[in-house]
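To be precise, the following lines are start-v5.cif, and they hold mmCIF, C-alpha atoms and all ligand atoms.
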```cif
data_run
#
loop_
_atom_site.group_PDB
_atom_site.id
_atom_site.type_symbol
_atom_site.label_atom_id
_atom_site.label_comp_id
_atom_site.auth_asym_id
_atom_site.auth_seq_id
_atom_site.Cartn_x
_atom_site.Cartn_y
_atom_site.Cartn_z
ATOM 1 C CA MET A 184 -20.963 4.810 -0.144
ATOM 2 C CA ASN A 185 -24.770 5.052 0.233
ATOM 3 C CA GLY A 186 -24.722 2.135 2.701
ATOM 4 C CA LYS A 187 -24.422 -0.404 -0.104
ATOM 5 C CA ALA A 188 -21.761 -2.830 -1.185
ATOM 6 C CA ARG A 189 -18.486 -1.842 -2.818
ATOM 7 C CA ARG A 190 -17.414 -4.444 -5.348
ATOM 8 C CA LEU A 191 -14.701 -4.760 -7.932
ATOM 9 C CA TYR A 192 -15.766 -6.936 -10.861
ATOM 10 C CA GLN A 193 -12.644 -8.379 -12.361
ATOM 11 C CA PHE A 194 -10.635 -11.164 -13.993
ATOM 12 C CA PRO A 195 -8.104 -12.456 -11.442
ATOM 13 C CA LEU A 196 -5.075 -12.112 -13.746
ATOM 14 C CA SER A 197 -5.999 -8.995 -15.714
ATOM 15 C CA LEU A 198 -3.408 -6.246 -15.547
ATOM 16 C CA TYR A 199 -6.072 -3.519 -15.704
ATOM 17 C CA CYS A 200 -7.862 -5.144 -12.747
ATOM 18 C CA GLU A 201 -4.541 -5.346 -10.904
ATOM 19 C CA LYS A 202 -4.131 -1.598 -11.501
ATOM 20 C CA THR A 203 -7.520 -0.858 -9.912
ATOM 21 C CA THR A 204 -6.921 -3.300 -7.051
ATOM 22 C CA TRP A 205 -3.657 -1.507 -6.246
ATOM 23 C CA ASN A 206 -5.432 1.854 -6.580
ATOM 24 C CA LEU A 207 -8.129 0.866 -4.047
ATOM 25 C CA GLU A 208 -5.546 -0.612 -1.731
ATOM 26 C CA THR A 209 -3.361 2.519 -1.789
ATOM 27 C CA LYS A 210 -6.361 4.578 -0.804
ATOM 28 C CA GLY A 211 -7.254 2.126 1.952
ATOM 29 C CA ILE A 212 -10.737 1.560 0.532
ATOM 30 C CA ALA A 213 -12.461 -1.674 1.574
ATOM 31 C CA TYR A 214 -14.193 -3.709 -1.129
ATOM 32 C CA THR A 215 -14.789 -7.259 -2.345
ATOM 33 C CA HIS A 216 -13.542 -8.817 -5.542
ATOM 34 C CA VAL A 217 -16.037 -10.575 -7.782
ATOM 35 C CA ASN A 218 -14.312 -12.763 -10.358
ATOM 36 C CA LEU A 219 -16.186 -13.037 -13.641
ATOM 37 C CA ILE A 220 -15.770 -15.641 -16.396
ATOM 38 C CA PRO A 221 -14.393 -14.192 -19.671
ATOM 39 C CA GLY A 222 -17.221 -14.072 -22.216
ATOM 40 C CA PRO A 223 -20.292 -13.990 -19.977
ATOM 41 C CA HIS A 224 -18.600 -11.105 -18.095
ATOM 42 C CA ILE A 225 -19.963 -8.804 -20.809
ATOM 43 C CA LEU A 226 -23.512 -9.193 -19.444
ATOM 44 C CA THR A 227 -22.460 -7.841 -16.053
ATOM 45 C CA ALA A 228 -20.097 -5.143 -17.384
ATOM 46 C CA TRP A 229 -22.757 -3.911 -19.789
ATOM 47 C CA ARG A 230 -25.577 -3.974 -17.259
ATOM 48 C CA LEU A 231 -23.550 -2.097 -14.664
ATOM 49 C CA ALA A 232 -21.413 0.329 -16.641
ATOM 50 C CA GLY A 233 -22.413 0.090 -20.310
ATOM 51 C CA ILE A 234 -18.989 -1.292 -21.329
ATOM 52 C CA ARG A 235 -17.602 -4.678 -22.440
ATOM 53 C CA THR A 236 -14.408 -4.730 -20.404
ATOM 54 C CA LEU A 237 -13.336 -5.189 -16.800
ATOM 55 C CA PRO A 238 -12.594 -3.790 -14.291
ATOM 56 C CA VAL A 239 -15.912 -2.315 -13.237
ATOM 57 C CA LEU A 240 -16.248 -0.802 -9.786
ATOM 58 C CA LEU A 241 -19.609 -0.724 -8.072
ATOM 59 C CA ASP A 242 -19.551 1.787 -5.244
ATOM 60 C CA GLY A 243 -22.993 1.832 -3.678
ATOM 61 C CA ASN A 244 -25.258 3.103 -6.439
ATOM 62 C CA VAL A 245 -22.419 4.266 -8.649
ATOM 63 C CA ALA A 246 -20.880 1.977 -11.268
ATOM 64 C CA VAL A 247 -17.685 3.035 -13.030
ATOM 65 C CA GLY A 248 -15.886 1.132 -15.768
ATOM 66 C CA ASP A 249 -12.374 1.498 -17.220
ATOM 67 C CA SER A 250 -9.394 1.576 -14.858
ATOM 68 C CA THR A 251 -8.501 5.193 -15.708
ATOM 69 C CA ASP A 252 -12.056 6.451 -15.156
ATOM 70 C CA ILE A 253 -12.151 4.481 -11.903
ATOM 71 C CA ALA A 254 -8.869 6.120 -10.810
ATOM 72 C CA LEU A 255 -10.301 9.585 -11.519
ATOM 73 C CA TYR A 256 -13.546 8.716 -9.752
ATOM 74 C CA LEU A 257 -11.601 7.507 -6.708
ATOM 75 C CA GLU A 258 -9.499 10.693 -6.649
ATOM 76 C CA LYS A 259 -12.657 12.791 -6.650
ATOM 77 C CA THR A 260 -14.634 10.719 -4.172
ATOM 78 C CA TYR A 261 -11.822 9.630 -1.833
ATOM 79 C CA PRO A 262 -9.202 12.379 -2.234
ATOM 80 C CA SER A 263 -6.897 11.251 0.560
ATOM 81 C CA PRO A 264 -4.271 9.905 0.144
ATOM 82 C CA SER A 265 -4.028 11.537 -3.249
ATOM 83 C CA LEU A 266 -2.320 9.917 -6.216
ATOM 84 C CA LEU A 267 -2.408 13.127 -8.252
ATOM 85 C CA PRO A 268 -0.131 16.085 -7.479
ATOM 86 C CA ALA A 269 -1.768 19.432 -6.674
ATOM 87 C CA HIS A 270 0.625 21.339 -8.928
ATOM 88 C CA PRO A 271 -1.090 21.713 -12.353
ATOM 89 C CA GLU A 272 2.005 20.946 -14.445
ATOM 90 C CA GLN A 273 2.881 17.861 -12.448
ATOM 91 C CA ARG A 274 -0.726 16.761 -12.471
ATOM 92 C CA GLU A 275 -0.808 17.079 -16.252
ATOM 93 C CA ALA A 276 2.422 15.068 -16.518
ATOM 94 C CA VAL A 277 1.013 12.302 -14.303
ATOM 95 C CA LEU A 278 -2.216 12.086 -16.312
ATOM 96 C CA SER A 279 -0.354 11.948 -19.595
ATOM 97 C CA LEU A 280 2.033 9.201 -18.372
ATOM 98 C CA GLU A 281 -0.931 7.327 -16.929
ATOM 99 C CA GLN A 282 -2.536 7.308 -20.369
ATOM 100 C CA TYR A 283 0.689 6.269 -22.081
ATOM 101 C CA PHE A 284 1.330 3.305 -19.774
ATOM 102 C CA ASP A 285 -2.324 2.322 -19.805
ATOM 103 C CA ASP A 286 -2.030 1.899 -23.588
ATOM 104 C CA ILE A 287 1.164 -0.132 -23.105
ATOM 105 C CA GLY A 288 -0.939 -2.679 -21.216
ATOM 106 C CA ASP A 289 -2.383 -4.018 -24.477
ATOM 107 C CA HIS A 290 1.132 -4.605 -25.832
ATOM 108 C CA VAL A 291 2.314 -6.284 -22.640
ATOM 109 C CA ARG A 292 -0.681 -8.608 -22.684
ATOM 110 C CA ARG A 293 0.023 -9.616 -26.292
ATOM 111 C CA CYS A 294 3.717 -10.240 -25.574
ATOM 112 C CA VAL A 295 3.012 -12.310 -22.466
ATOM 113 C CA TRP A 296 0.427 -14.457 -24.247
ATOM 114 C CA SER A 297 2.797 -14.967 -27.163
ATOM 115 C CA LEU A 298 5.153 -16.638 -24.665
ATOM 116 C CA ALA A 299 2.467 -18.666 -22.893
ATOM 117 C CA VAL A 300 -0.092 -19.647 -25.530
ATOM 118 C CA ASP A 301 1.693 -22.849 -26.595
ATOM 119 C CA SER A 302 2.475 -23.946 -23.062
ATOM 120 C CA PRO A 303 0.858 -27.224 -21.940
ATOM 121 C CA ARG A 304 -0.206 -25.186 -18.882
ATOM 122 C CA VAL A 305 -2.115 -22.597 -20.918
ATOM 123 C CA ASN A 306 -5.480 -23.511 -19.364
ATOM 124 C CA GLU A 307 -4.001 -23.437 -15.877
ATOM 125 C CA ILE A 308 -2.647 -19.941 -16.551
ATOM 126 C CA PHE A 309 -5.846 -18.660 -18.136
ATOM 127 C CA PHE A 310 -8.179 -19.922 -15.399
ATOM 128 C CA ARG A 311 -5.939 -19.321 -12.377
ATOM 129 C CA GLY A 312 -7.730 -17.561 -9.527
ATOM 130 C CA TYR A 313 -11.196 -18.986 -10.133
ATOM 131 C CA SER A 314 -12.709 -20.965 -7.279
ATOM 132 C CA THR A 315 -14.384 -23.591 -9.475
ATOM 133 C CA ARG A 316 -12.151 -25.431 -11.944
ATOM 134 C CA HIS A 317 -12.731 -28.365 -14.287
ATOM 135 C CA PRO A 318 -9.230 -29.654 -15.179
ATOM 136 C CA ALA A 319 -10.401 -32.486 -17.480
ATOM 137 C CA LEU A 320 -12.723 -30.192 -19.429
ATOM 138 C CA GLU A 321 -10.039 -27.498 -19.582
ATOM 139 C CA ARG A 322 -7.558 -29.982 -21.069
ATOM 140 C CA LEU A 323 -10.117 -31.044 -23.651
ATOM 141 C CA LEU A 324 -10.811 -27.446 -24.619
ATOM 142 C CA ARG A 325 -7.131 -26.454 -24.724
ATOM 143 C CA PRO A 326 -6.924 -26.123 -28.547
ATOM 144 C CA VAL A 327 -10.060 -23.945 -28.583
ATOM 145 C CA LEU A 328 -8.681 -21.851 -25.756
ATOM 146 C CA ARG A 329 -5.405 -21.324 -27.662
ATOM 147 C CA GLN A 330 -7.310 -20.228 -30.738
ATOM 148 C CA MET A 331 -9.440 -17.854 -28.683
ATOM 149 C CA ILE A 332 -6.342 -16.323 -27.015
ATOM 150 C CA ARG A 333 -4.588 -15.827 -30.362
ATOM 151 C CA ARG A 334 -7.650 -14.130 -31.821
ATOM 152 C CA THR A 335 -8.626 -12.018 -28.807
ATOM 153 C CA PHE A 336 -5.121 -10.685 -28.154
ATOM 154 C CA ASP A 337 -4.026 -10.628 -31.806
ATOM 155 C CA VAL A 338 -1.069 -12.942 -31.170
ATOM 156 C CA ARG A 339 0.345 -12.858 -34.725
ATOM 157 C CA THR A 340 4.058 -12.552 -35.461
ATOM 158 C CA ALA A 341 3.850 -9.035 -36.927
ATOM 159 C CA SER A 342 1.701 -7.690 -34.092
ATOM 160 C CA VAL A 343 3.839 -9.367 -31.431
ATOM 161 C CA THR A 344 7.043 -7.918 -32.916
ATOM 162 C CA ALA A 345 5.514 -4.425 -32.965
ATOM 163 C CA SER A 346 4.295 -4.847 -29.375
ATOM 164 C CA TRP A 347 7.766 -5.869 -28.118
ATOM 165 C CA GLN A 348 9.052 -2.613 -29.605
ATOM 166 C CA HIS A 349 6.384 -0.636 -27.685
ATOM 167 C CA VAL A 350 7.398 -2.469 -24.515
ATOM 168 C CA MET A 351 11.081 -1.656 -25.041
ATOM 169 C CA ASN A 352 10.166 2.021 -25.558
ATOM 170 C CA ALA A 353 8.170 1.982 -22.324
ATOM 171 C CA LEU A 354 11.111 0.502 -20.374
ATOM 172 C CA GLU A 355 13.365 3.189 -21.825
ATOM 173 C CA LEU A 356 10.925 5.902 -20.816
ATOM 174 C CA VAL A 357 10.932 4.658 -17.208
ATOM 175 C CA GLU A 358 14.734 4.681 -17.236
ATOM 176 C CA GLN A 359 14.874 8.178 -18.717
ATOM 177 C CA ARG A 360 12.440 9.681 -16.231
ATOM 178 C CA THR A 361 14.009 8.005 -13.199
ATOM 179 C CA HIS A 362 17.607 8.433 -14.479
ATOM 180 C CA GLY A 363 18.024 4.721 -13.881
ATOM 181 C CA ASN A 364 17.419 5.196 -10.147
ATOM 182 C CA THR A 365 15.079 2.494 -8.839
ATOM 183 C CA GLU A 366 13.944 4.661 -5.940
ATOM 184 C CA SER A 367 12.889 7.671 -8.035
ATOM 185 C CA TYR A 368 9.350 8.412 -9.113
ATOM 186 C CA LEU A 369 8.201 9.241 -12.633
ATOM 187 C CA VAL A 370 6.925 12.685 -11.617
ATOM 188 C CA GLY A 371 8.071 14.678 -8.566
ATOM 189 C CA ASN A 372 9.139 13.109 -5.292
ATOM 190 C CA SER A 373 6.219 10.913 -4.394
ATOM 191 C CA PHE A 374 4.266 7.892 -5.601
ATOM 192 C CA THR A 375 1.528 8.863 -8.060
ATOM 193 C CA LEU A 376 -0.963 7.281 -10.408
ATOM 194 C CA ALA A 377 1.750 7.367 -13.097
ATOM 195 C CA ASP A 378 4.040 5.086 -11.058
ATOM 196 C CA LEU A 379 1.170 2.789 -10.121
ATOM 197 C CA THR A 380 0.006 2.455 -13.731
ATOM 198 C CA ALA A 381 3.492 1.975 -15.189
ATOM 199 C CA ALA A 382 4.449 -0.654 -12.592
ATOM 200 C CA ALA A 383 1.131 -2.536 -12.887
ATOM 201 C CA MET A 384 1.250 -2.595 -16.702
ATOM 202 C CA LEU A 385 4.876 -3.787 -16.851
ATOM 203 C CA ALA A 386 4.582 -6.237 -13.933
ATOM 204 C CA PRO A 387 3.501 -9.312 -15.971
ATOM 205 C CA LEU A 388 6.893 -9.101 -17.715
ATOM 206 C CA ILE A 389 8.846 -8.685 -14.488
ATOM 207 C CA GLY A 390 6.919 -10.816 -11.975
ATOM 208 C CA PRO A 391 7.053 -9.027 -8.606
ATOM 209 C CA GLU A 392 6.216 -11.367 -5.716
ATOM 210 C CA GLN A 393 3.403 -9.024 -4.569
ATOM 211 C CA SER A 394 1.718 -9.101 -7.998
ATOM 212 C CA PRO A 395 -0.694 -11.671 -9.472
ATOM 213 C CA TRP A 396 2.220 -12.930 -11.636
ATOM 214 C CA PRO A 397 4.979 -14.215 -9.311
ATOM 215 C CA ASP A 398 7.610 -16.564 -10.768
ATOM 216 C CA HIS A 399 6.003 -19.803 -9.661
ATOM 217 C CA HIS A 400 3.019 -18.974 -11.898
ATOM 218 C CA VAL A 401 4.871 -18.590 -15.179
ATOM 219 C CA THR A 402 6.025 -20.893 -17.917
ATOM 220 C CA ASP A 403 9.626 -21.573 -18.966
ATOM 221 C CA GLY A 404 9.155 -19.252 -21.955
ATOM 222 C CA ASN A 405 8.583 -16.317 -19.622
ATOM 223 C CA ALA A 406 11.431 -17.165 -17.247
ATOM 224 C CA GLY A 407 14.229 -16.195 -19.680
ATOM 225 C CA GLN A 408 12.475 -12.989 -20.681
ATOM 226 C CA ARG A 409 11.930 -12.049 -17.022
ATOM 227 C CA ALA A 410 15.588 -12.548 -16.129
ATOM 228 C CA LEU A 411 16.549 -10.234 -18.977
ATOM 229 C CA PHE A 412 14.148 -7.469 -17.959
ATOM 230 C CA ARG A 413 14.943 -7.691 -14.254
ATOM 231 C CA ASN A 414 18.549 -6.912 -15.045
ATOM 232 C CA ARG A 415 17.559 -3.537 -16.420
ATOM 233 C CA PRO A 416 16.988 -0.470 -14.226
ATOM 234 C CA ALA A 417 13.339 -0.352 -15.374
ATOM 235 C CA GLY A 418 12.830 -3.958 -14.210
ATOM 236 C CA GLU A 419 14.413 -3.187 -10.851
ATOM 237 C CA TRP A 420 12.244 -0.085 -10.631
ATOM 238 C CA VAL A 421 9.055 -2.143 -11.082
ATOM 239 C CA LEU A 422 10.190 -4.576 -8.366
ATOM 240 C CA HIS A 423 10.980 -1.656 -6.064
ATOM 241 C CA MET A 424 7.604 0.061 -6.645
ATOM 242 C CA TYR A 425 5.854 -3.208 -5.755
ATOM 243 C CA GLN A 426 8.009 -3.773 -2.677
ATOM 244 C CA GLN A 427 7.425 -0.260 -1.410
ATOM 245 C CA HIS A 428 3.842 0.425 -2.385
ATOM 246 C CA ARG A 429 1.909 -2.798 -2.935
ATOM 247 C CA GLN A 430 0.793 -5.175 -0.239
ATOM 248 C CA ALA A 431 1.031 -8.882 -0.995
ATOM 249 C CA PHE A 432 -1.456 -9.937 -3.641
ATOM 250 C CA ARG A 433 -4.484 -11.713 -2.278
ATOM 251 C CA GLN A 434 -7.967 -12.598 -3.420
ATOM 252 C CA GLU A 435 -10.595 -11.449 -0.939
ATOM 253 C CA SER A 436 -13.363 -13.223 -2.750
ATOM 254 C CA SER A 437 -13.401 -15.492 -5.723
ATOM 255 C CA ALA A 438 -17.065 -16.087 -6.352
ATOM 256 C CA ALA A 439 -17.444 -16.500 -10.108
ATOM 257 C CA MET A 440 -20.668 -14.922 -11.288
ATOM 258 C CA PRO A 441 -21.872 -14.039 -14.762
HETATM 259 N N1 LIG B 1 -8.656 0.607 -20.988
HETATM 260 C C1 LIG B 1 -9.411 -0.393 -20.287
HETATM 261 C C2 LIG B 1 -8.939 -1.763 -20.721
HETATM 262 C C3 LIG B 1 -9.658 -2.871 -20.013
HETATM 263 C C4 LIG B 1 -9.441 -4.211 -20.655
HETATM 264 O O1 LIG B 1 -8.934 -4.340 -21.783
HETATM 265 N N2 LIG B 1 -9.880 -5.241 -19.943
HETATM 266 C C5 LIG B 1 -9.777 -6.573 -20.452
HETATM 267 C C6 LIG B 1 -9.201 -7.472 -19.384
HETATM 268 S S1 LIG B 1 -7.483 -7.180 -19.146
HETATM 269 C C7 LIG B 1 -11.156 -7.080 -20.799
HETATM 270 O O2 LIG B 1 -12.100 -6.857 -20.069
HETATM 271 N N3 LIG B 1 -11.287 -7.820 -21.900
HETATM 272 C C8 LIG B 1 -12.513 -8.476 -22.257
HETATM 273 C C9 LIG B 1 -13.123 -7.996 -23.536
HETATM 274 O O3 LIG B 1 -12.535 -7.121 -24.198
HETATM 275 O O4 LIG B 1 -14.209 -8.528 -23.868
HETATM 276 C C10 LIG B 1 -9.226 -0.177 -18.778
HETATM 277 O O5 LIG B 1 -8.277 0.535 -18.427
HETATM 278 O O6 LIG B 1 -10.040 -0.630 -17.972
#
```
Can the structure in the file be given as structure tokens, please?
Ligand SMILES: N[C@@H](CCC(=O)N[C@@H](CS)C(=O)NCC(=O)O)C(=O)O
Amino acid sequence: MNGKARRLYQFPLSLYCEKTTWNLETKGIAYTHVNLIPGPHILTAWRLAGIRTLPVLLDGNVAVGDSTDIALYLEKTYPSPSLLPAHPEQREAVLSLEQYFDDIGDHVRRCVWSLAVDSPRVNEIFFRGYSTRHPALERLLRPVLRQMIRRTFDVRTASVTASWQHVMNALELVEQRTHGNTESYLVGNSFTLADLTAAAMLAPLIGPEQSPWPDHHVTDGNAGQRALFRNRPAGEWVLHMYQQHRQAFRQESSAAMP
């Protein structure tokens, strides 16, 4: 690590940051979280990795952005335990599923916000995980925050309907590949980057206890949807992957820095 710090720049409730957190944890790699404020985060992400989004991993002198690129970097730099099979065909299958579920993340985010954006707790949900909070100011800015969420995540009826369809397809794919067996893996007989990505991307709709989105964090709108999804094999599969492969969610550090 070149004797320097290893840091994960993130948003506390981002599903892509959750994916990288789980990735680092599975590999047993020590690091600190740095929580950034949405908006000003761009300055840091751009300076470090030349991108606008989080997560960004700083590993000594090396900065890597994008959760998939980070996963590939980690595989190369810290090969054991590996999350990619050695067999070329299986490896190809894992990488292609990883990409598919990574893209599903955008749809999941839109669907979840469509359920939460009108909640009176929208500010609480958006800013959860930050060490410094200003409840009175947040309440005042609630209408602006709602507008910003709708615009950023394209929470319009047509887009939301299309995204729910993508989500349903993703749940079906999990069920097909695992034959409805909650203990099976998407490729081969062991936990891979495909399982990690699929479970992390679908988790905000399912709410595993070990994830950043347990039940006590969600609004009533989400509760009905969660119950529905948990009754499906794909929902049970996500819960099982979290139980078996993810330690309890925790924030090592919550310093908010631009
Ligand atoms: N494909 C990217 C997606 C990352 C992403 O969309 N991150 C969101 C947070 S969940 C973000 O940084 N959004 C802020 C922005 O777009 O300005 C990855 O896998 O890292």
Practice task
Dump the neighbourhood of ligand LIG 1 (chain B) as a PyMOL selection string: all residues within 10 Å, distances computed on only C-alpha atoms and all ligand atoms.
Solution key: chain A and resi 192-203+219-225+228+234-239+247-254+282+285-286+288-289+292+335-336+380
Write a file of the selected residues as a PDB file, in the frame of the given file, keeping C-alpha atoms.
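As written to disk, out.pdb reads:
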```pdb
ATOM      1  CA  TYR A 192     -15.766  -6.936 -10.861  1.00  0.00           C
ATOM      2  CA  GLN A 193     -12.644  -8.379 -12.361  1.00  0.00           C
ATOM      3  CA  PHE A 194     -10.635 -11.164 -13.993  1.00  0.00           C
ATOM      4  CA  PRO A 195      -8.104 -12.456 -11.442  1.00  0.00           C
ATOM      5  CA  LEU A 196      -5.075 -12.112 -13.746  1.00  0.00           C
ATOM      6  CA  SER A 197      -5.999  -8.995 -15.714  1.00  0.00           C
ATOM      7  CA  LEU A 198      -3.408  -6.246 -15.547  1.00  0.00           C
ATOM      8  CA  TYR A 199      -6.072  -3.519 -15.704  1.00  0.00           C
ATOM      9  CA  CYS A 200      -7.862  -5.144 -12.747  1.00  0.00           C
ATOM     10  CA  GLU A 201      -4.541  -5.346 -10.904  1.00  0.00           C
ATOM     11  CA  LYS A 202      -4.131  -1.598 -11.501  1.00  0.00           C
ATOM     12  CA  THR A 203      -7.520  -0.858  -9.912  1.00  0.00           C
ATOM     13  CA  LEU A 219     -16.186 -13.037 -13.641  1.00  0.00           C
ATOM     14  CA  ILE A 220     -15.770 -15.641 -16.396  1.00  0.00           C
ATOM     15  CA  PRO A 221     -14.393 -14.192 -19.671  1.00  0.00           C
ATOM     16  CA  GLY A 222     -17.221 -14.072 -22.216  1.00  0.00           C
ATOM     17  CA  PRO A 223     -20.292 -13.990 -19.977  1.00  0.00           C
ATOM     18  CA  HIS A 224     -18.600 -11.105 -18.095  1.00  0.00           C
ATOM     19  CA  ILE A 225     -19.963  -8.804 -20.809  1.00  0.00           C
ATOM     20  CA  ALA A 228     -20.097  -5.143 -17.384  1.00  0.00           C
ATOM     21  CA  ILE A 234     -18.989  -1.292 -21.329  1.00  0.00           C
ATOM     22  CA  ARG A 235     -17.602  -4.678 -22.440  1.00  0.00           C
ATOM     23  CA  THR A 236     -14.408  -4.730 -20.404  1.00  0.00           C
ATOM     24  CA  LEU A 237     -13.336  -5.189 -16.800  1.00  0.00           C
ATOM     25  CA  PRO A 238     -12.594  -3.790 -14.291  1.00  0.00           C
ATOM     26  CA  VAL A 239     -15.912  -2.315 -13.237  1.00  0.00           C
ATOM     27  CA  VAL A 247     -17.685   3.035 -13.030  1.00  0.00           C
ATOM     28  CA  GLY A 248     -15.886   1.132 -15.768  1.00  0.00           C
ATOM     29  CA  ASP A 249     -12.374   1.498 -17.220  1.00  0.00           C
ATOM     30  CA  SER A 250      -9.394   1.576 -14.858  1.00  0.00           C
ATOM     31  CA  THR A 251      -8.501   5.193 -15.708  1.00  0.00           C
ATOM     32  CA  ASP A 252     -12.056   6.451 -15.156  1.00  0.00           C
ATOM     33  CA  ILE A 253     -12.151   4.481 -11.903  1.00  0.00           C
ATOM     34  CA  ALA A 254      -8.869   6.120 -10.810  1.00  0.00           C
ATOM     35  CA  GLN A 282      -2.536   7.308 -20.369  1.00  0.00           C
ATOM     36  CA  ASP A 285      -2.324   2.322 -19.805  1.00  0.00           C
ATOM     37  CA  ASP A 286      -2.030   1.899 -23.588  1.00  0.00           C
ATOM     38  CA  GLY A 288      -0.939  -2.679 -21.216  1.00  0.00           C
ATOM     39  CA  ASP A 289      -2.383  -4.018 -24.477  1.00  0.00           C
ATOM     40  CA  ARG A 292      -0.681  -8.608 -22.684  1.00  0.00           C
ATOM     41  CA  THR A 335      -8.626 -12.018 -28.807  1.00  0.00           C
ATOM     42  CA  PHE A 336      -5.121 -10.685 -28.154  1.00  0.00           C
ATOM     43  CA  THR A 380       0.006   2.455 -13.731  1.00  0.00           C
TER      44      THR A 380
END
```
Exercise for the section: Quick one: everything within 10 Å of Leu369 of chain A, counting all atoms listed in the file, minus sequence neighbours fewer than 6 positions away in the same chain. Send it as a list in words. Expected result: Ala276, Val277, Leu280, Leu356, Val357, Glu358, Gln359, Arg360, Thr361, His362, Thr375, Leu376, Ala377, Asp378, Leu379 and Ala381 of chain A
Exercise for the section: List every protein, DNA or RNA residue that has at least one atom no more than 7 Å from (3.4, -10.9, -17.6) in the file's coordinates, counting all atoms listed in the file, and write the result as number ranges by chain. Expected result: A: 291-292, 295, 386-390, 396
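The residues returned by the PyMOL selection byres (((chain A and resi 424-428) around 8) and not hetatm) for this structure are Thr209, Glu366, Asp378, Leu379, Ala382, Pro391, Gln393, Ser394, Trp420, Val421, Leu422, His423, Arg429 and Gln430 of chain A.
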Saved selection, atoms kept: C-alpha atoms, as a PDB file, in the coordinates of the input:
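Output file out-v2.pdb is given in full below:
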```pdb
ATOM      1  CA  THR A 209      -3.361   2.519  -1.789  1.00  0.00           C
ATOM      2  CA  GLU A 366      13.944   4.661  -5.940  1.00  0.00           C
ATOM      3  CA  ASP A 378       4.040   5.086 -11.058  1.00  0.00           C
ATOM      4  CA  LEU A 379       1.170   2.789 -10.121  1.00  0.00           C
ATOM      5  CA  ALA A 382       4.449  -0.654 -12.592  1.00  0.00           C
ATOM      6  CA  PRO A 391       7.053  -9.027  -8.606  1.00  0.00           C
ATOM      7  CA  GLN A 393       3.403  -9.024  -4.569  1.00  0.00           C
ATOM      8  CA  SER A 394       1.718  -9.101  -7.998  1.00  0.00           C
ATOM      9  CA  TRP A 420      12.244  -0.085 -10.631  1.00  0.00           C
ATOM     10  CA  VAL A 421       9.055  -2.143 -11.082  1.00  0.00           C
ATOM     11  CA  LEU A 422      10.190  -4.576  -8.366  1.00  0.00           C
ATOM     12  CA  HIS A 423      10.980  -1.656  -6.064  1.00  0.00           C
ATOM     13  CA  ARG A 429       1.909  -2.798  -2.935  1.00  0.00           C
ATOM     14  CA  GLN A 430       0.793  -5.175  -0.239  1.00  0.00           C
TER      15      GLN A 430
END
```
Practice task
Determine the residue membership of the PyMOL selection byres (((chain A and resi 319-333) around 12) and not hetatm) for the file above and supply it as a PyMOL selection string.
Solution key: chain A and resi 221-222+292-311+315-318+334-340+342-343
Practice task
State, in Å with one decimal place, the distance from atom CA of Leu255 of chain A to atom CA of Pro395 of chain A.
Solution key: 23.4 Å
Practice task
Rounded to one decimal place, report the atom CA of Leu231 of chain A-atom CA of Ala213 of chain A distance in Å.
Solution key: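 If I compute the distance from atom CA of Leu231 of chain A to atom CA of Ala213 of chain A, I get 19.7 Å.
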Practice task
Provide the atom CA of Asn244 of chain A to atom CA of Ala188 of chain A distance in Å, to one decimal place.
Solution key: 8.7 Å
Practice task
Counting only C-alpha atoms, figure out which residue out of A:Ala345, A:Thr227, A:Glu275, A:Met351 gets nearest to Leu411 of chain A.
Solution key: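 So, comparing all the options, the nearest one is A:Met351.
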Target residues per the PyMOL selection byres (((chain A and resi 267) around 9) and not hetatm), formatted as a PDB file with C-alpha atoms, keeping the file's coordinate frame:
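Result written to part_38.pdb:
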```pdb
ATOM      1  CA  GLU A 258      -9.499  10.693  -6.649  1.00  0.00           C
ATOM      2  CA  SER A 265      -4.028  11.537  -3.249  1.00  0.00           C
ATOM      3  CA  LEU A 266      -2.320   9.917  -6.216  1.00  0.00           C
ATOM      4  CA  PRO A 268      -0.131  16.085  -7.479  1.00  0.00           C
ATOM      5  CA  ALA A 269      -1.768  19.432  -6.674  1.00  0.00           C
ATOM      6  CA  HIS A 270       0.625  21.339  -8.928  1.00  0.00           C
ATOM      7  CA  GLN A 273       2.881  17.861 -12.448  1.00  0.00           C
ATOM      8  CA  ARG A 274      -0.726  16.761 -12.471  1.00  0.00           C
ATOM      9  CA  VAL A 277       1.013  12.302 -14.303  1.00  0.00           C
ATOM     10  CA  LEU A 278      -2.216  12.086 -16.312  1.00  0.00           C
ATOM     11  CA  PHE A 374       4.266   7.892  -5.601  1.00  0.00           C
ATOM     12  CA  THR A 375       1.528   8.863  -8.060  1.00  0.00           C
ATOM     13  CA  LEU A 376      -0.963   7.281 -10.408  1.00  0.00           C
ATOM     14  CA  ALA A 377       1.750   7.367 -13.097  1.00  0.00           C
TER      15      ALA A 377
END
```
